[in-house]
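Student: Following this message is one structure expressed as structure tokens.
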Amino acid sequence: MVFSSAIFLFFFLPATILLYYICPVRGRNAILLVASLFFYAWGEPVYILIMLFSTVFDYINGRILAVTEKLWKRRLVLIISIVGNLSILFFFKYRDFFCEGLNGLFGTDINIWNLALPIGISFYTFQTMSYTIDVYRRRVEAQKNILNFAVYVCLFPQLIAGPIVRYRTIHRELGKRKHSFLKCYHGLQRFLIGLGKKVLFANTIGALWEEIRDSAGTSDMSVLMAWTGAICFTLQIYFDFSGYSDMAIGLGRMFGFHFPENFKYPYESRSVTEFWRRWHISMGTWFRDYLYIPLGGNRVRLPRQLINLAVVWFLTGLWHGASWNYVMWGMYYLVLLLIEKLFLHNRMKRWPGFLRHIYSLFFIVIGWVIFACEDLSVLGTYLKSMFGVGVPLVSDMALYDVISYSFLFVIMGVGATSLAWRVGRKCHAKKGSHAAMAVLSVVILVLVLPMLIRDSYNPFLYFRF
């Protein structure tokens, strides 16, 4: 079940909201937990056991840490928690990847199991690990109520594609949170904005990207078509993932939770370093706080800093998927960030703002091509096409696509900036702004519903991560 499906919009969500608000306050977490388990089990009834195991496992680890004073015992519990969580993640997500690598390197014949990946396992694994680490560091108290902890792990709005919500962000709201019609209304508006970004924009431009990617190596490919496709995916992944985050944040508000923002208009960045402060913020800060800083961060000498950064970016790439293109993607950004850190940081300050913006977008777009092409042969062919190797500069098909989708490109390009937010902020204080937002929400819903009913192309890119 996905947020942009008819069964979610017309059956699951209305039923959950109704049951939640007619239920006494003490029973609302139970309603949320049951609804969340049903939501997850809809697509993966077997793998729900893994999520429940992770929940009980780290609840017990947290309770042990709460009553243990000896440092060596606390470290042992923490190690057990981290190793246990990462072992589950490795088994389902990376086992086949590493076995294939061993078979290729040493000529072994280890069986490849082709296990289905539990949806959202990377997200809820990181959430439960952050909980035990924070309890170990005494930054939060261990949760005594297993129902509240289970809601934290299994909460359906952010369960399968984030944002990665840390326990200390919402631990007070798990026990007691405020509700109001206005908060629920604002949450619904945020949800519908995200739904529009996903269905109206990401799905439409994503279909064009897949068509262009499949043309790699054919006579239809040209430099213009290759860059058009790369821009399509650049826009698709932003509107897909930020749309999901908007929906998750909106749903959270409907039920009294305040999830962290996950994007801050990343395509406005004027450096690659700035891009990673604005993109998938919850993941970036997780790696910073729970890996980079514990490794020494910037407090160590430069050679050790470089090693720390290499570890972080290797694992950042690998976190996204068990495929070499994701590792390459992580290493690609490592190189760019090191170049900026060691050579360009001060020089770039003297560049005109528009030049810094073009520089950033150029490398971001190339990075998304690496990210999107899991088949390395397709990736190589596509990158060659982008730089004119063996293909013409322009093709008739490319011109047709650019002209046909030009209006959508403009709308999405503007929508990926903060312009709409700035205009909305100025209009917010004016009389009638709430009515205008209500009308906009209805318009989005009216436009979205026919597309959901007739269109089978409705993927969420980050579900597989």
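Identifiers in this document derive from the order of the structure tokens: chains are assigned A, B, ..., residues are numbered from 1 separately in each chain, and ligands are numbered from 1 in order of occurrence.
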Quick one: contact table of range 243-326 of chain A to range 115-127 of chain A, 9 Å max, nearest atom pair and distance in Å to one decimal per residue, counting only C-alpha atoms, chain and number order, as a tab-separated table?
Tutor:
```
residue	atom	partner	partner_atom	distance
A:Met283	CA	A:Phe123	CA	9.0
A:Trp286	CA	A:Phe126	CA	8.2
A:Trp319	CA	A:Ser122	CA	7.2
A:His320	CA	A:Ser122	CA	8.3
```
Student: Can you list every residue in range 349-453 of chain A that DSSP puts in helix (DSSP H, G or I), as a ChimeraX atom specification?
Tutor: /A:353-372,376-386,396-404,406-415,419-428,433-453
Student: Please determine, counting only C-alpha atoms, which residue among A:Leu338, A:Leu188, A:Tyr333, A:Asn114 has the shortest atom-to-atom distance to Cys99 in chain A.
Tutor: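 Ranked by minimum distance to Cys99 in chain A, first place goes to A:Asn114.
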Student: Here is a test: counting only C-alpha atoms, which residue of A:Leu65, A:Val83, A:Met386, A:Val165 is nearest to Ser222 in chain A?
Tutor: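 Closest to Ser222 in chain A, using only C-alpha atoms: A:Met386.
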Student: Write out as JSON, numbers by chain each polymer residue whose atoms come within 8 Å of range 439-443 of chain A, counting only C-alpha atoms; drop sequence neighbours fewer than 3 positions from it.
Tutor: {"A": [189, 192, 193, 435, 436, 446, 447]}
Student: Applying 12 Å and only C-alpha atoms, which residues near Arg356 in chain A remain after dropping the ones on its own chain fewer than 2 positions away? List them as a list of chain:residue names.
Tutor: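 With the cut-off at 12 Å, the set is A:Tyr267, A:Glu268, A:Ser269, A:Arg270, A:Ser271, A:Val272, A:Thr273, A:Glu274, A:Phe275, A:Glu340, A:Leu344, A:His345, A:Arg347, A:Met348, A:Lys349, A:Arg350, A:Trp351, A:Pro352, A:Gly353, A:Phe354, A:Ile358, A:Tyr359, A:Ser360, A:Leu361, A:Phe362, A:Phe363.
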